[in-house]
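These notes are about the structure you will find just below.
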Amino acid sequence: MIFSNSSIPGVNLCVIIFSMKIKITKTFVKRIFMSLFGVVICAVSVGLFKHAALGVDPFQSFMAGMDKLIPISFGTLYVIVNVVLLSFSLIFYRKNIGLATFINMFLLGYITEWAWGLFGTLLPDPSMVMRFVYLVIAVIVMCFGSAFYMTAELGVSTYDAVAITMVEKWKLGKFKFIRIATDLVCVIAGCGLFLLAGGTWADIPTIAGVGTIITAFFMGPLIDLFNRLVAIPFLGKEEAKADEITAEEKKDE
């Protein structure tokens with residue numbers, strides 16, 4: 001379920017969603033479940049990343065800086081930031097925005113906030129060794145969840161959509177290079193916001209550290225592994241080919 005591009009900048013989200021023609025099939029229901037499951041698992045892993053305090057992925061580095069600066073709950077802040085990024089995609093390139101985009105936008109932040117608090121209660125003051133153990137577990141869990149979310153193919157996150165817009169719409173370069181650039185911007189901006197909010201240089205590795213480096217180099221191969229071993233077999237190769245999701249936005253008259 002992906003939204004087609006439109007030249008009309010002012011878009012009502014409800015109109016977009018309810019104007020779609022959706023073919024409900026067994027595969028579609030599976031895809032929705034995979035999207036929900038993937039987002040929940042990823043959110044829990046982000047909570048564990050934050051509890052390990054050894055660095056998170058680039059977008060979460062940015063969110064950590066924002067969270068330090070702005071005195072509202074992480075879940076609400078995550079929704080606000082994603083609404084801004086969603087507006088960017090709705091204006092310039094809606095192609096990769098779908099149902100899973102909204103699932104991610106409205107659930108991930110609040111579940112992360114809950115999981116982070118839970119880990120802090122159940123596993124208080126972990127040693128450095130245990131923090132590394134939590135980090136490794138978080139990476140594996142995030143890759144597992146991401147495999148389900150991505151294989152469902154019901155849309156990408158608002159952050160992913162920014163790089164895709166730059167590549168497919170604006171032709172600024174290859175995706176891998178554009179993504180490196182957007183990731184660097186997120187890490188630099190996150191660290192800057194963190195320091196602006198009163199954080200210290202000594203605490204920077206808690207939001208942009210070894211965990212950030214690990215996600216950059218190991219997430220891709222691990223997600224691919226879980227795709228092949230778990231997510232794609234769960235969806236069903238033949239079923240996925242036979243039951244393509246068809247979603248078509250009504251054209252403006």
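Every chain in the structure tokens takes a letter, A first, then B, and so on in the order presented; its residues are numbered from 1, and the ligands are numbered from 1 following the presented order.
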
- Filtered DSSP result for region 11-251 of chain A, state strand (DSSP E), as a VMD selection string: chain A and resid 20 to 22 247 to 249

- Write out as a PyMOL selection string which residues come within 9 Å of region 68-72 of chain A when counting only C-alpha atoms, dropping same-chain ones fewer than 4 positions away. chain A and resi 63-64+76-77+193-199

- Task: Using DSSP on the backbone, list every residue of region 152-242 of chain A that comes out as helix (DSSP H, G or I), and give them as a PyMOL selection string.
- Result: chain A and resi 152+158-169+175-196+201-206+210-235+237-242

- Task: Find the residues around Gly117 (chain A) up to 10 Å (only C-alpha atoms counted), leave out those fewer than 4 positions away in its own chain, and share them as a ChimeraX atom specification.
- Result: /A:47-48,50-51,111-113,121-123

Write out the residues from the selection above, keeping N, CA and C atoms, as a short mmCIF file (atom, residue, chain, number, x, y, z; two decimals), in the first residue's frame.
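Output contents, as saved in selection.cif:
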data_model
loop_
_atom_site.label_atom_id
_atom_site.label_comp_id
_atom_site.auth_asym_id
_atom_site.auth_seq_id
_atom_site.Cartn_x
_atom_site.Cartn_y
_atom_site.Cartn_z
N GLY A 47 14.64 0.89 22.82
CA GLY A 47 14.64 1.07 24.26
C GLY A 47 15.85 0.41 24.91
N LEU A 48 16.22 -0.77 24.41
CA LEU A 48 17.39 -1.48 24.94
C LEU A 48 18.68 -0.77 24.53
N LYS A 50 18.99 2.44 24.15
CA LYS A 50 19.07 3.61 25.02
C LYS A 50 19.49 3.22 26.44
N HIS A 51 19.03 2.04 26.88
CA HIS A 51 19.41 1.57 28.21
C HIS A 51 20.90 1.20 28.24
N ILE A 111 6.24 3.11 22.30
CA ILE A 111 6.70 1.80 22.75
C ILE A 111 8.16 1.87 23.19
N THR A 112 8.97 2.66 22.48
CA THR A 112 10.37 2.86 22.88
C THR A 112 10.44 3.46 24.27
N GLU A 113 9.63 4.48 24.50
CA GLU A 113 9.60 5.15 25.81
C GLU A 113 9.23 4.16 26.92
N THR A 121 13.94 -0.15 35.02
CA THR A 121 13.39 -0.68 36.27
C THR A 121 13.87 -2.10 36.54
N LEU A 122 13.85 -2.93 35.50
CA LEU A 122 14.21 -4.34 35.67
C LEU A 122 15.72 -4.57 35.70
N LEU A 123 16.47 -3.73 34.99
CA LEU A 123 17.91 -3.92 34.87
C LEU A 123 18.65 -2.63 35.22
#

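Compared by their closest atoms to Gly209 (chain A), and using only C-alpha atoms, the residues A:Val187, A:Leu229, A:Val46, A:Ala138 rank with A:Val187 nearest.
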
Near Leu86 (chain A), within 9 Å and counting only C-alpha atoms, which residues show up once chain neighbours fewer than 3 positions away are dropped, as a short mmCIF file (atom, residue, chain, number, x, y, z; two decimals) with N, CA, C and O atoms, in the first residue's frame?
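Once everything was written out, this is part-v2.cif:
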data_model
loop_
_atom_site.label_atom_id
_atom_site.label_comp_id
_atom_site.auth_asym_id
_atom_site.auth_seq_id
_atom_site.Cartn_x
_atom_site.Cartn_y
_atom_site.Cartn_z
N VAL A 81 8.20 15.00 15.29
CA VAL A 81 9.31 15.02 14.32
C VAL A 81 8.93 14.26 13.06
O VAL A 81 9.20 14.71 11.93
N ASN A 82 8.25 13.13 13.23
CA ASN A 82 7.86 12.34 12.07
C ASN A 82 6.76 13.01 11.25
O ASN A 82 6.70 12.82 10.03
N VAL A 83 5.90 13.77 11.88
CA VAL A 83 4.88 14.52 11.14
C VAL A 83 5.56 15.56 10.24
O VAL A 83 5.17 15.76 9.08
N SER A 89 7.66 14.57 2.68
CA SER A 89 7.38 13.55 1.66
C SER A 89 6.06 13.80 0.94
O SER A 89 5.95 13.58 -0.27
N LEU A 90 5.05 14.25 1.66
CA LEU A 90 3.75 14.50 1.04
C LEU A 90 3.84 15.65 0.03
O LEU A 90 3.13 15.66 -0.97
N ILE A 91 4.71 16.59 0.30
CA ILE A 91 4.88 17.72 -0.61
C ILE A 91 5.70 17.32 -1.85
O ILE A 91 5.33 17.63 -2.98
N ARG A 94 5.45 11.24 -2.64
CA ARG A 94 4.66 10.37 -1.78
C ARG A 94 4.79 8.88 -2.10
O ARG A 94 4.15 8.06 -1.46
N ILE A 97 5.36 6.31 0.80
CA ILE A 97 4.60 6.46 2.04
C ILE A 97 3.41 5.51 2.00
O ILE A 97 2.64 5.49 1.05
N THR A 101 4.19 3.27 7.26
CA THR A 101 4.76 4.57 7.64
C THR A 101 4.02 5.13 8.85
O THR A 101 4.63 5.64 9.80
N SER A 157 9.75 4.23 6.59
CA SER A 157 9.68 5.26 7.63
C SER A 157 9.84 6.63 7.01
O SER A 157 10.38 6.78 5.90
N THR A 158 9.39 7.66 7.72
CA THR A 158 9.49 9.02 7.18
C THR A 158 10.95 9.42 6.98
O THR A 158 11.27 10.18 6.06
N TYR A 159 11.83 8.92 7.84
CA TYR A 159 13.26 9.24 7.70
C TYR A 159 13.84 8.59 6.45
O TYR A 159 14.58 9.23 5.69
N ALA A 161 12.26 7.85 3.83
CA ALA A 161 11.63 8.49 2.68
C ALA A 161 12.38 9.75 2.24
O ALA A 161 12.36 10.11 1.06
N VAL A 162 13.05 10.42 3.17
CA VAL A 162 13.80 11.64 2.83
C VAL A 162 14.92 11.31 1.85
O VAL A 162 15.08 11.96 0.81
#

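The shortest atom-to-atom distance to Ile41 (chain A), with only C-alpha atoms taken into account, belongs to A:Cys143 out of A:Ile207, A:Ile80, A:Cys143, A:Leu235.
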
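Using only C-alpha atoms for every distance, the candidate list A:Phe226, A:Tyr134, A:Gly211, A:Cys186 yields A:Cys186 as the residue closest to Met66 (chain A).
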
Can you list, as a PDB file with all heavy atoms, in the first residue's frame, every protein, DNA or RNA residue that comes within 12 Å of Val129 (chain A) when you count only C-alpha atoms, leaving out same-chain residues fewer than 6 positions away?
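Below you can see selection.pdb, which holds the result:
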ATOM      1  N   ALA A  52      21.394   0.622  27.147  1.00  0.00           N
ATOM      2  CA  ALA A  52      22.817   0.270  27.071  1.00  0.00           C
ATOM      3  C   ALA A  52      23.688   1.525  27.067  1.00  0.00           C
ATOM      4  O   ALA A  52      24.821   1.505  27.555  1.00  0.00           O
ATOM      5  CB  ALA A  52      23.086  -0.563  25.817  1.00  0.00           C
ATOM      6  N   LEU A  54      25.335   3.157  24.770  1.00  0.00           N
ATOM      7  CA  LEU A  54      26.604   3.059  24.048  1.00  0.00           C
ATOM      8  C   LEU A  54      26.462   3.549  22.613  1.00  0.00           C
ATOM      9  O   LEU A  54      27.284   3.244  21.761  1.00  0.00           O
ATOM     10  CB  LEU A  54      27.108   1.611  24.066  1.00  0.00           C
ATOM     11  CG  LEU A  54      27.581   1.083  25.414  1.00  0.00           C
ATOM     12  CD1 LEU A  54      27.835  -0.416  25.345  1.00  0.00           C
ATOM     13  CD2 LEU A  54      28.842   1.816  25.873  1.00  0.00           C
ATOM     14  N   LEU A 135      23.739  -4.178  24.161  1.00  0.00           N
ATOM     15  CA  LEU A 135      23.921  -3.577  22.840  1.00  0.00           C
ATOM     16  C   LEU A 135      23.862  -4.634  21.746  1.00  0.00           C
ATOM     17  O   LEU A 135      23.192  -4.448  20.724  1.00  0.00           O
ATOM     18  CB  LEU A 135      25.264  -2.839  22.787  1.00  0.00           C
ATOM     19  CG  LEU A 135      25.657  -2.238  21.434  1.00  0.00           C
ATOM     20  CD1 LEU A 135      24.654  -1.182  21.001  1.00  0.00           C
ATOM     21  CD2 LEU A 135      27.060  -1.641  21.511  1.00  0.00           C
ATOM     22  N   VAL A 136      24.563  -5.742  21.951  1.00  0.00           N
ATOM     23  CA  VAL A 136      24.569  -6.824  20.954  1.00  0.00           C
ATOM     24  C   VAL A 136      23.155  -7.384  20.772  1.00  0.00           C
ATOM     25  O   VAL A 136      22.697  -7.601  19.643  1.00  0.00           O
ATOM     26  CB  VAL A 136      25.538  -7.945  21.382  1.00  0.00           C
ATOM     27  CG1 VAL A 136      25.385  -9.157  20.458  1.00  0.00           C
ATOM     28  CG2 VAL A 136      26.975  -7.434  21.365  1.00  0.00           C
TER      29      VAL A 136
END

Selection: 9 Å around Met150 (chain A), only C-alpha atoms, excl. self and same-chain fewer than 6 positions, as a PDB file with all heavy atoms, in the first residue's frame:
ATOM      1  N   MET A  34       3.056  -8.247   9.885  1.00  0.00           N
ATOM      2  CA  MET A  34       4.511  -8.132   9.834  1.00  0.00           C
ATOM      3  C   MET A  34       4.959  -6.707  10.123  1.00  0.00           C
ATOM      4  O   MET A  34       5.966  -6.491  10.809  1.00  0.00           O
ATOM      5  CB  MET A  34       5.025  -8.602   8.471  1.00  0.00           C
ATOM      6  CG  MET A  34       4.864 -10.100   8.245  1.00  0.00           C
ATOM      7  SD  MET A  34       5.273 -10.605   6.562  1.00  0.00           S
ATOM      8  CE  MET A  34       7.059 -10.408   6.559  1.00  0.00           C
ATOM      9  N   SER A  35       4.216  -5.735   9.608  1.00  0.00           N
ATOM     10  CA  SER A  35       4.550  -4.327   9.859  1.00  0.00           C
ATOM     11  C   SER A  35       4.410  -4.004  11.345  1.00  0.00           C
ATOM     12  O   SER A  35       5.300  -3.386  11.945  1.00  0.00           O
ATOM     13  CB  SER A  35       3.647  -3.407   9.035  1.00  0.00           C
ATOM     14  OG  SER A  35       3.852  -3.592   7.653  1.00  0.00           O
ATOM     15  N   GLY A  38       7.060  -5.913  13.335  1.00  0.00           N
ATOM     16  CA  GLY A  38       8.379  -5.331  13.103  1.00  0.00           C
ATOM     17  C   GLY A  38       8.575  -4.028  13.856  1.00  0.00           C
ATOM     18  O   GLY A  38       9.637  -3.804  14.453  1.00  0.00           O
ATOM     19  N   VAL A 156       7.738   2.922   3.847  1.00  0.00           N
ATOM     20  CA  VAL A 156       8.979   3.092   4.596  1.00  0.00           C
ATOM     21  C   VAL A 156       8.784   4.135   5.689  1.00  0.00           C
ATOM     22  O   VAL A 156       7.780   4.847   5.715  1.00  0.00           O
ATOM     23  CB  VAL A 156      10.135   3.529   3.665  1.00  0.00           C
ATOM     24  CG1 VAL A 156      10.345   2.505   2.568  1.00  0.00           C
ATOM     25  CG2 VAL A 156       9.855   4.908   3.064  1.00  0.00           C
ATOM     26  N   ASN A 227      15.846 -11.665   6.628  1.00  0.00           N
ATOM     27  CA  ASN A 227      14.907 -11.646   5.498  1.00  0.00           C
ATOM     28  C   ASN A 227      14.814 -13.023   4.866  1.00  0.00           C
ATOM     29  O   ASN A 227      13.730 -13.565   4.646  1.00  0.00           O
ATOM     30  CB  ASN A 227      15.363 -10.635   4.430  1.00  0.00           C
ATOM     31  CG  ASN A 227      14.832  -9.239   4.668  1.00  0.00           C
ATOM     32  OD1 ASN A 227      13.813  -9.057   5.334  1.00  0.00           O
ATOM     33  ND2 ASN A 227      15.518  -8.249   4.142  1.00  0.00           N
ATOM     34  N   ALA A 231      11.673 -13.796   7.499  1.00  0.00           N
ATOM     35  CA  ALA A 231      10.604 -12.901   7.042  1.00  0.00           C
ATOM     36  C   ALA A 231       9.987 -13.322   5.709  1.00  0.00           C
ATOM     37  O   ALA A 231       8.762 -13.409   5.573  1.00  0.00           O
ATOM     38  CB  ALA A 231      11.133 -11.469   6.950  1.00  0.00           C
TER      39      ALA A 231
END

- Query: How many Å lie between CA of Thr165 (chain A) and CA of Ala181 (chain A), rounded to one decimal?
  - Reply: 13.5 Å

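Those residues that approach region 214-224 of chain A to within 7 Å, counting only C-alpha atoms, are Asp57, Val139, Cys143, Phe144, Ser146, Ala147, Val210 and Arg228 of chain A; same-chain residues fewer than 4 positions away are not listed.
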
Keeping C-alpha atoms, export the residues of the selection given above as a PDB file, in the first residue's frame.
ATOM      1  CA  ASP A  57      21.425   4.465  15.107  1.00  0.00           C
ATOM      2  CA  VAL A 139      21.308  -4.929  17.329  1.00  0.00           C
ATOM      3  CA  CYS A 143      17.586  -6.376  12.599  1.00  0.00           C
ATOM      4  CA  PHE A 144      15.023  -9.121  13.198  1.00  0.00           C
ATOM      5  CA  SER A 146      13.458  -4.560  10.543  1.00  0.00           C
ATOM      6  CA  ALA A 147      13.396  -7.666   8.338  1.00  0.00           C
ATOM      7  CA  VAL A 210      30.116   2.243  19.369  1.00  0.00           C
ATOM      8  CA  ARG A 228      16.031 -14.870   3.840  1.00  0.00           C
TER       9      ARG A 228
END

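As for CA of Thr27 (chain A) and CA of Asn96 (chain A), they are spaced 19.1 Å apart.
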
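Counting only C-alpha atoms and comparing A:Ala189, A:Ile103, A:Met166, A:Val230, the residue that lies closest to Phe148 (chain A) is A:Val230.
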